[in-house]
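Novice: One structure, as structure tokens, below. Some questions next.
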Amino acid sequence: MEHRSNPVLDADWPDPDVIRVGGDYWMIASSFNRAPGLPVLRSSNLVDWEHVTNALPALVPLEHYALPRRGSGVWAPSIREHDGTFFIVYPDPDHGIFVIDAPHPAGPWSAPRLLLAGHGLIDPCPLWDDEGRAHLVHGWARSRAGVKNRLSLLEVTPDLTAPLSASEVLIDGAEIPGMLTLEGPKAYVHDGWYWIYAPAGGVADGYQVVFRSRDLRGPYEHRVVLEHDDTTVNGPHQGALVDDEQGCWWFVHFQDRDVFGRVTHVQPVRFDAEGWPHMGEPVDATRGRPVAVVPEVGAVGGSGPVTGYTEPRRSDDFTSRELAPRWHWQANPRADRWRTGDGRLDLAFAPSPRADLRQLGDVLGQQLPGQPSSWEVELHLPAAPPRRDAAPERAGIVVLGLSYAWAGLVRDGDGIALVHGTMPQDAADETIHRARLLTADPTAEASIRLHLTCDQAGRIALGASPGRAAPAGRPAGAAPPQWLLTGWQSTKGRWIGAEVGLFAAAGSMVDHVLDDRRASFGPVTVHCEGCDI
């Protein structure tokens with residue numbers, strides 16, 4: 001894969017919004033049920049990105065999101081600067097529209113405050129007019145509000161603390177022939193026009209529409225400016241318009257790649273004599289299609305040198321006392337159930353009486369890479385005293401979506417065994433396969449090195465090799481893995497791609513602390529495109 005090939009971020013960074021601050025570009029994305037949420041990324045060229053922080057340490061309401069709320073949480077956000085303050089406005093379709101602010105995109109970000117309460121309010125974007133008045137454009141989710149395919153507008157205070165008017169329909173997609181699922185608006189003022197960039201047609205098969213008017217409240221004229229055409233980029237839409245320091249323009253948007261999630265593309269943009277944007281490669285006089293390779297920033301007509309594919313760091317040696325920003329939980333985390341540092345990650349065995357990892361908030365994950373990848377991690381179960389209850393304990397690595405597959409160790413009354421399991425999408429119980437018994441002593445310690453590979457179609461293989469207790473003369477991990485599961489097809493999650501996660505769970509309601517019973521994970525190493533990432 002070329003360095004500047006689209007997608008520039010081939011993993012699940014949904015619904016991107018981007019602004020430029022000096023020579024740096026700052027991008028945020030949806031995070032749904034994941035915590036921490038609202039990832040903040042930085043780039044100097046729109047191609048190479050660093051995951052700097054997460055603007056939302058925990059989702060609110062805190063107790064509501066103590067459990068995984070798949071398909072809820074943070075939907076499409078926007079980031080803007082006004083009078084020296086940076087704002088992120090994000091929707092939670094079950095609670096309303098929230099605002100956080102910071103002196104810089106890297107933070108620190110404030111606690112969220114509720115701007116608009118309600119169900120089905122989504123995709124908000126603030127806009128300050130030339131008089132300093134602030135407005136909010138937003139969409140609607142039919143699953144919560146009963147309506148969709150329309151964009152609404154209301155006035156809010158300039159500091160985004162309170163509404164000043166009722167919400168009124170600005171653009172009704174039902175009144176435009178063929179317009180379906182109009183959503184995700186981003187609002188701009190440019191060359192004397194009010195512009196609204198918005199996708200339509202749905203996530204998987206949609207297209208990008210641009211509306212403009214001399215008056216913020218309309219009426220608006222529109223054009224379709226970016227579509228699939230004959231490319232492999234289905235549904236190119238929902239994103240951000242941003243300029244560079246040389247005066248060139250770019251559109252950053254996503255493509256839904258199913259199990260790999262919503263990946264990030266960058267299109268060059270030029271404006272014609274009438275002020276309309278033209279994106280990507282021309283299809284006709286108004287529409288464009290996505291480009292395969294991103295021209296260099298500041299040189300829309302050319303492309304730069306080709307190097308390897310890059311993305312924000314994945315591998316982790318766990319030497320820091322804080323988790324790297326790339327990691328996230330499936331629900332708001334509990335600080336007493338994990339710790340990191342000294343080259344390992346400790347996870348307390350979290351209660352999981354149903355033994356369904358889709359219901360476990362304590363799965364620590366990363367997005368599944370869109371390129372073929374391989375993962376390795378050392379798993380260690382410290383020696384533990386006998387337990388009063390007979391509930392099994394298990395820990396390992398999982399590929400998690402609407403279905404899941406995992407491999408790891410199980411400690412029960414028979415001892416400690418190497419195991420793998422699968423859970424189909426509509427099933428209620430796992431299918432478990434025991435590969436071998438490591439020890440018949442359930443109080444003993446045990447180690448194993450876990451291996452995971454994913455191919456270009458999202459098919460998964462899970463395996464294991466000797467860990468810390470490797471035979472004398474052979475370092476841990478030197479032996480080829482014993483493959484436990486091959487060719488398993490991963491599936492996407494609810495509005496997100498699949499993810500790779502680490503977990504430790506006990507089949508009871510007993511709440512363990514770290515110093516009581518835990519699993520330890522050694523360094524995580526990820527290879528993609530032949531490189532350690």
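Going through the structure tokens in order, the chains are called A, B, and so on, while each chain numbers its residues from 1 and the ligands are numbered from 1 in the order shown.
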Quick one: DSSP helix (DSSP H, G or I) residues in region 254-370 of chain A, as number ranges by chain?
Specialist: A: 258-260, 335-337, 357-359
Novice: Please provide the set of residues having any atom within 8 Å of region 131-142 of chain A, restricted to only C-alpha atoms, with same-chain residues fewer than 4 positions apart removed, written as a tab-separated table (two decimals) with C-alpha atoms, in the first residue's frame.
Specialist:
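For reference, part-v2.tsv as written:
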```tsv
chain	number	residue	atom	x	y	z
A	93	PRO	CA	-29.14	10.02	20.42
A	120	GLY	CA	-32.88	11.52	18.18
A	121	LEU	CA	-30.96	14.81	17.96
A	122	ILE	CA	-27.82	13.94	15.98
A	123	ASP	CA	-24.94	15.31	13.91
A	124	PRO	CA	-24.73	18.86	15.36
A	125	CYS	CA	-22.49	21.55	13.90
A	126	PRO	CA	-22.17	25.11	15.25
A	127	LEU	CA	-21.77	28.16	13.04
A	146	GLY	CA	-39.45	8.98	14.49
A	147	VAL	CA	-38.19	11.27	11.69
A	148	LYS	CA	-35.09	11.49	9.52
A	149	ASN	CA	-33.96	12.94	6.17
A	150	ARG	CA	-34.15	16.53	7.37
A	151	LEU	CA	-31.74	19.13	8.69
A	152	SER	CA	-32.81	21.63	11.35
A	153	LEU	CA	-31.48	24.96	12.63
A	154	LEU	CA	-31.70	26.88	15.88
A	155	GLU	CA	-29.91	29.82	17.47
A	156	VAL	CA	-27.77	29.23	20.56
A	157	THR	CA	-25.67	31.45	22.80
A	158	PRO	CA	-22.22	32.28	21.36
A	160	LEU	CA	-22.78	27.25	23.31
A	182	LEU	CA	-30.01	13.38	4.53
A	183	GLU	CA	-27.83	13.74	7.66
A	184	GLY	CA	-24.38	14.65	9.00
A	185	PRO	CA	-24.34	18.40	8.19
A	186	LYS	CA	-21.21	20.52	8.41
A	187	ALA	CA	-21.83	24.28	8.11
```
Novice: Quick one: everything within 6 Å of region 83-91 of chain A, counting only C-alpha atoms, minus sequence neighbours fewer than 5 positions away in the same chain. Send it as a list in words.
Specialist: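 Answer for this query is Val74, Trp75, Pro77, Ser78, Gly96, Ile97, Phe98, Val99, Ile100, Asp101, Ala102, Pro103 and Ile122 of chain A.
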Novice: Can you tell me, as an NGL selection string, which residues in region 312-525 of chain A count as strand (DSSP E) by DSSP?
Specialist: :A and (338-341 or 344-348 or 350-351 or 364-367 or 373-381 or 393-400 or 404-412 or 415-423 or 431-439 or 446-454 or 459-466 or 482-489 or 499-506 or 518-525)
Novice: Find, counting only C-alpha atoms, the residue in A:Arg212, A:His253, A:Arg34, A:Arg313 that gets nearest to Gly497 (chain A).
Specialist: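 Distance minimum relative to Gly497 (chain A) lands on A:Arg34.
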Novice: Ala391 (chain A): which residues within 7 Å, counting only C-alpha atoms, same-chain residues fewer than 4 positions away excluded, as an MDAnalysis selection string?
Specialist: chainID A and resid 412 506:508
Novice: Next, the residues of the selection above should be written as a JSON list (two decimals), in the first residue's frame with all heavy atoms.
Specialist:
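Output below, filename again01.json:
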```json
[["chain", "number", "residue", "atom", "x", "y", "z"],
["A", 412, "ASP", "N", -10.41, -23.50, 36.22],
["A", 412, "ASP", "CA", -11.58, -24.03, 36.89],
["A", 412, "ASP", "C", -11.16, -25.19, 37.79],
["A", 412, "ASP", "O", -9.96, -25.36, 38.06],
["A", 412, "ASP", "CB", -12.66, -24.46, 35.89],
["A", 412, "ASP", "CG", -12.17, -25.51, 34.89],
["A", 412, "ASP", "OD1", -11.16, -26.18, 35.18],
["A", 412, "ASP", "OD2", -12.81, -25.66, 33.84],
["A", 506, "ALA", "N", -14.78, -13.54, 35.19],
["A", 506, "ALA", "CA", -15.14, -14.67, 36.05],
["A", 506, "ALA", "C", -16.64, -14.93, 35.92],
["A", 506, "ALA", "O", -17.44, -14.00, 35.83],
["A", 506, "ALA", "CB", -14.79, -14.37, 37.51],
["A", 507, "GLY", "N", -17.01, -16.19, 35.91],
["A", 507, "GLY", "CA", -18.40, -16.57, 35.69],
["A", 507, "GLY", "C", -19.26, -16.49, 36.93],
["A", 507, "GLY", "O", -19.98, -17.44, 37.25],
["A", 508, "SER", "N", -19.18, -15.38, 37.63],
["A", 508, "SER", "CA", -20.00, -15.19, 38.84],
["A", 508, "SER", "C", -20.25, -13.70, 39.00],
["A", 508, "SER", "O", -19.80, -12.88, 38.19],
["A", 508, "SER", "CB", -19.29, -15.74, 40.08],
["A", 508, "SER", "OG", -18.20, -14.91, 40.44]]
```
Novice: Return the single residue from A:Trp375, A:Tyr220, A:Tyr188, A:Tyr404 that is closest to Ile533 (chain A), with distances computed using only C-alpha atoms.
Specialist: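 Of the candidates, the smallest distance to Ile533 (chain A) is held by A:Trp375.
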Novice: Extract, using only C-alpha atoms, all DNA, RNA and protein residues at most 12 Å from Asp342 (chain A), discarding same-chain residues fewer than 6 positions from it, and format them as a PyMOL selection string.
Specialist: chain A and resi 316-322+520-523
Novice: Next, write the just-selected residues to a file, as a PDB file, in the first residue's frame, keeping all heavy atoms as the atom set.
Specialist:
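Wrote selection.pdb, looks like this:
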```pdb
ATOM      1  N   ASP A 316       2.135  -1.917  22.172  1.00  0.00           N
ATOM      2  CA  ASP A 316       2.230  -1.285  23.489  1.00  0.00           C
ATOM      3  C   ASP A 316       3.064  -2.169  24.404  1.00  0.00           C
ATOM      4  O   ASP A 316       2.773  -3.358  24.579  1.00  0.00           O
ATOM      5  CB  ASP A 316       0.834  -1.091  24.070  1.00  0.00           C
ATOM      6  CG  ASP A 316       0.801  -0.086  25.213  1.00  0.00           C
ATOM      7  OD1 ASP A 316       1.850   0.120  25.853  1.00  0.00           O
ATOM      8  OD2 ASP A 316      -0.267   0.484  25.473  1.00  0.00           O
ATOM      9  N   ASP A 317       4.113  -1.578  25.010  1.00  0.00           N
ATOM     10  CA  ASP A 317       4.944  -2.338  25.950  1.00  0.00           C
ATOM     11  C   ASP A 317       4.468  -2.187  27.394  1.00  0.00           C
ATOM     12  O   ASP A 317       5.064  -2.756  28.313  1.00  0.00           O
ATOM     13  CB  ASP A 317       6.406  -1.931  25.828  1.00  0.00           C
ATOM     14  CG  ASP A 317       6.645  -0.440  26.106  1.00  0.00           C
ATOM     15  OD1 ASP A 317       5.696   0.250  26.558  1.00  0.00           O
ATOM     16  OD2 ASP A 317       7.769   0.025  25.856  1.00  0.00           O
ATOM     17  N   PHE A 318       3.424  -1.403  27.609  1.00  0.00           N
ATOM     18  CA  PHE A 318       2.810  -1.231  28.923  1.00  0.00           C
ATOM     19  C   PHE A 318       3.816  -0.768  29.980  1.00  0.00           C
ATOM     20  O   PHE A 318       3.758  -1.189  31.146  1.00  0.00           O
ATOM     21  CB  PHE A 318       2.112  -2.515  29.385  1.00  0.00           C
ATOM     22  CG  PHE A 318       0.946  -2.918  28.522  1.00  0.00           C
ATOM     23  CD1 PHE A 318       0.924  -4.175  27.930  1.00  0.00           C
ATOM     24  CD2 PHE A 318      -0.102  -2.050  28.291  1.00  0.00           C
ATOM     25  CE1 PHE A 318      -0.151  -4.552  27.132  1.00  0.00           C
ATOM     26  CE2 PHE A 318      -1.174  -2.417  27.486  1.00  0.00           C
ATOM     27  CZ  PHE A 318      -1.196  -3.675  26.907  1.00  0.00           C
ATOM     28  N   THR A 319       4.742   0.100  29.595  1.00  0.00           N
ATOM     29  CA  THR A 319       5.670   0.665  30.567  1.00  0.00           C
ATOM     30  C   THR A 319       5.141   1.950  31.194  1.00  0.00           C
ATOM     31  O   THR A 319       5.640   2.386  32.228  1.00  0.00           O
ATOM     32  CB  THR A 319       7.033   0.949  29.908  1.00  0.00           C
ATOM     33  OG1 THR A 319       6.839   1.796  28.774  1.00  0.00           O
ATOM     34  CG2 THR A 319       7.704  -0.342  29.473  1.00  0.00           C
ATOM     35  N   SER A 320       4.131   2.557  30.572  1.00  0.00           N
ATOM     36  CA  SER A 320       3.541   3.784  31.111  1.00  0.00           C
ATOM     37  C   SER A 320       2.501   3.441  32.163  1.00  0.00           C
ATOM     38  O   SER A 320       1.857   2.387  32.119  1.00  0.00           O
ATOM     39  CB  SER A 320       2.889   4.597  29.996  1.00  0.00           C
ATOM     40  OG  SER A 320       2.149   5.682  30.529  1.00  0.00           O
ATOM     41  N   ARG A 321       2.325   4.351  33.119  1.00  0.00           N
ATOM     42  CA  ARG A 321       1.299   4.177  34.144  1.00  0.00           C
ATOM     43  C   ARG A 321      -0.093   4.530  33.614  1.00  0.00           C
ATOM     44  O   ARG A 321      -1.103   4.275  34.286  1.00  0.00           O
ATOM     45  CB  ARG A 321       1.607   5.048  35.373  1.00  0.00           C
ATOM     46  CG  ARG A 321       2.899   4.670  36.079  1.00  0.00           C
ATOM     47  CD  ARG A 321       2.817   3.269  36.673  1.00  0.00           C
ATOM     48  NE  ARG A 321       4.095   2.864  37.277  1.00  0.00           N
ATOM     49  CZ  ARG A 321       4.326   1.669  37.785  1.00  0.00           C
ATOM     50  NH1 ARG A 321       3.377   0.741  37.752  1.00  0.00           N
ATOM     51  NH2 ARG A 321       5.502   1.375  38.289  1.00  0.00           N
ATOM     52  N   GLU A 322      -0.150   5.114  32.444  1.00  0.00           N
ATOM     53  CA  GLU A 322      -1.422   5.446  31.810  1.00  0.00           C
ATOM     54  C   GLU A 322      -1.560   4.641  30.526  1.00  0.00           C
ATOM     55  O   GLU A 322      -0.572   4.377  29.834  1.00  0.00           O
ATOM     56  CB  GLU A 322      -1.506   6.938  31.502  1.00  0.00           C
ATOM     57  CG  GLU A 322      -1.420   7.841  32.710  1.00  0.00           C
ATOM     58  CD  GLU A 322      -2.616   7.698  33.631  1.00  0.00           C
ATOM     59  OE1 GLU A 322      -3.715   7.387  33.129  1.00  0.00           O
ATOM     60  OE2 GLU A 322      -2.453   7.910  34.851  1.00  0.00           O
ATOM     61  N   SER A 520      -2.494 -11.083  33.839  1.00  0.00           N
ATOM     62  CA  SER A 520      -1.495 -10.104  33.395  1.00  0.00           C
ATOM     63  C   SER A 520      -1.177 -10.334  31.927  1.00  0.00           C
ATOM     64  O   SER A 520      -1.000 -11.478  31.496  1.00  0.00           O
ATOM     65  CB  SER A 520      -0.212 -10.224  34.229  1.00  0.00           C
ATOM     66  OG  SER A 520      -0.459  -9.925  35.591  1.00  0.00           O
ATOM     67  N   PHE A 521      -1.099  -9.228  31.193  1.00  0.00           N
ATOM     68  CA  PHE A 521      -0.773  -9.280  29.778  1.00  0.00           C
ATOM     69  C   PHE A 521       0.552  -8.563  29.552  1.00  0.00           C
ATOM     70  O   PHE A 521       0.757  -7.440  30.033  1.00  0.00           O
ATOM     71  CB  PHE A 521      -1.869  -8.610  28.948  1.00  0.00           C
ATOM     72  CG  PHE A 521      -3.198  -9.327  29.014  1.00  0.00           C
ATOM     73  CD1 PHE A 521      -4.082  -9.084  30.060  1.00  0.00           C
ATOM     74  CD2 PHE A 521      -3.560 -10.247  28.041  1.00  0.00           C
ATOM     75  CE1 PHE A 521      -5.311  -9.747  30.131  1.00  0.00           C
ATOM     76  CE2 PHE A 521      -4.774 -10.914  28.102  1.00  0.00           C
ATOM     77  CZ  PHE A 521      -5.648 -10.658  29.147  1.00  0.00           C
ATOM     78  N   GLY A 522       1.439  -9.228  28.821  1.00  0.00           N
ATOM     79  CA  GLY A 522       2.736  -8.635  28.517  1.00  0.00           C
ATOM     80  C   GLY A 522       2.635  -7.724  27.310  1.00  0.00           C
ATOM     81  O   GLY A 522       1.538  -7.378  26.871  1.00  0.00           O
ATOM     82  N   PRO A 523       3.737  -7.331  26.728  1.00  0.00           N
ATOM     83  CA  PRO A 523       3.681  -6.406  25.592  1.00  0.00           C
ATOM     84  C   PRO A 523       2.786  -6.933  24.466  1.00  0.00           C
ATOM     85  O   PRO A 523       2.770  -8.127  24.172  1.00  0.00           O
ATOM     86  CB  PRO A 523       5.137  -6.319  25.147  1.00  0.00           C
ATOM     87  CG  PRO A 523       5.926  -6.654  26.372  1.00  0.00           C
ATOM     88  CD  PRO A 523       5.106  -7.673  27.100  1.00  0.00           C
TER      89      PRO A 523
END
```
Novice: Quick one: of A:Val410, A:Leu46, A:Ala200, A:Leu170, who's nearest to Ile448 (chain A), counting only C-alpha atoms?
Specialist: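 Of A:Val410, A:Leu46, A:Ala200, A:Leu170, the one nearest Ile448 (chain A) is A:Val410, counting only C-alpha atoms.
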Novice: Between CA of Trp109 (chain A) and CA of Val60 (chain A), what is the distance, to one decimal in Å?
Specialist: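 Interatomic distance, CA of Trp109 (chain A) to CA of Val60 (chain A): 14.5 Å.
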Novice: List the neighbours of Asp414 (chain A) out to 8 Å using only C-alpha atoms; skip same-chain residues closer than 5 positions along the sequence, and give me the result as a PyMOL selection string.
Specialist: chain A and resi 440-442
Novice: Write a file of the just-selected residues containing all heavy atoms, as a compact mmCIF listing (two decimals), in the first residue's frame.
Specialist:
```txt
# COMPACT_ATOMS: atom_id res chain seq x y z
N ALA A 440 -3.07 -29.52 36.16
CA ALA A 440 -4.26 -29.97 36.87
C ALA A 440 -4.42 -29.26 38.21
O ALA A 440 -5.41 -29.52 38.93
CB ALA A 440 -4.17 -31.48 37.10
N ASP A 441 -3.51 -28.39 38.54
CA ASP A 441 -3.56 -27.65 39.80
C ASP A 441 -4.21 -26.28 39.56
O ASP A 441 -3.59 -25.40 38.96
CB ASP A 441 -2.15 -27.47 40.36
CG ASP A 441 -2.13 -26.72 41.69
OD1 ASP A 441 -3.22 -26.38 42.20
OD2 ASP A 441 -1.03 -26.46 42.20
N PRO A 442 -5.43 -26.05 40.01
CA PRO A 442 -6.09 -24.77 39.75
C PRO A 442 -5.48 -23.58 40.50
O PRO A 442 -5.80 -22.43 40.20
CB PRO A 442 -7.53 -25.01 40.18
CG PRO A 442 -7.46 -26.14 41.14
CD PRO A 442 -6.31 -26.99 40.72
```
Novice: Taking only C-alpha atoms into account, which of A:Arg262, A:Gly37, A:Ile196, A:Ala29 comes nearest Gly218 (chain A)?
Specialist: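 Checking each candidate against Gly218 (chain A), we get A:Ile196 as the closest.
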Novice: CA of Val526 (chain A) and CA of Leu502 (chain A) are how many Å apart?
Specialist: 13.6 Å
Novice: Of the candidates A:Pro68, A:Trp276, A:Trp249, A:Val297, which shows the shortest atom-to-atom distance to Asp191 (chain A), using only C-alpha atoms?
Specialist: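 The closest residue to Asp191 (chain A) is A:Trp276.
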Novice: Kindly give the distance, in Å, that separates CA of Pro199 (chain A) and CA of Gln238 (chain A), rounded to a single decimal.
Specialist: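 Value for the CA of Pro199 (chain A)-CA of Gln238 (chain A) distance: 5.2 Å.
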Novice: Which is closest to Gly206 (chain A) among A:Gly467, A:Gly23, A:Gly396, A:Gly235, if we use only C-alpha atoms?
Specialist: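 Going through A:Gly467, A:Gly23, A:Gly396, A:Gly235 one by one, the smallest distance to Gly206 (chain A) is for A:Gly235.
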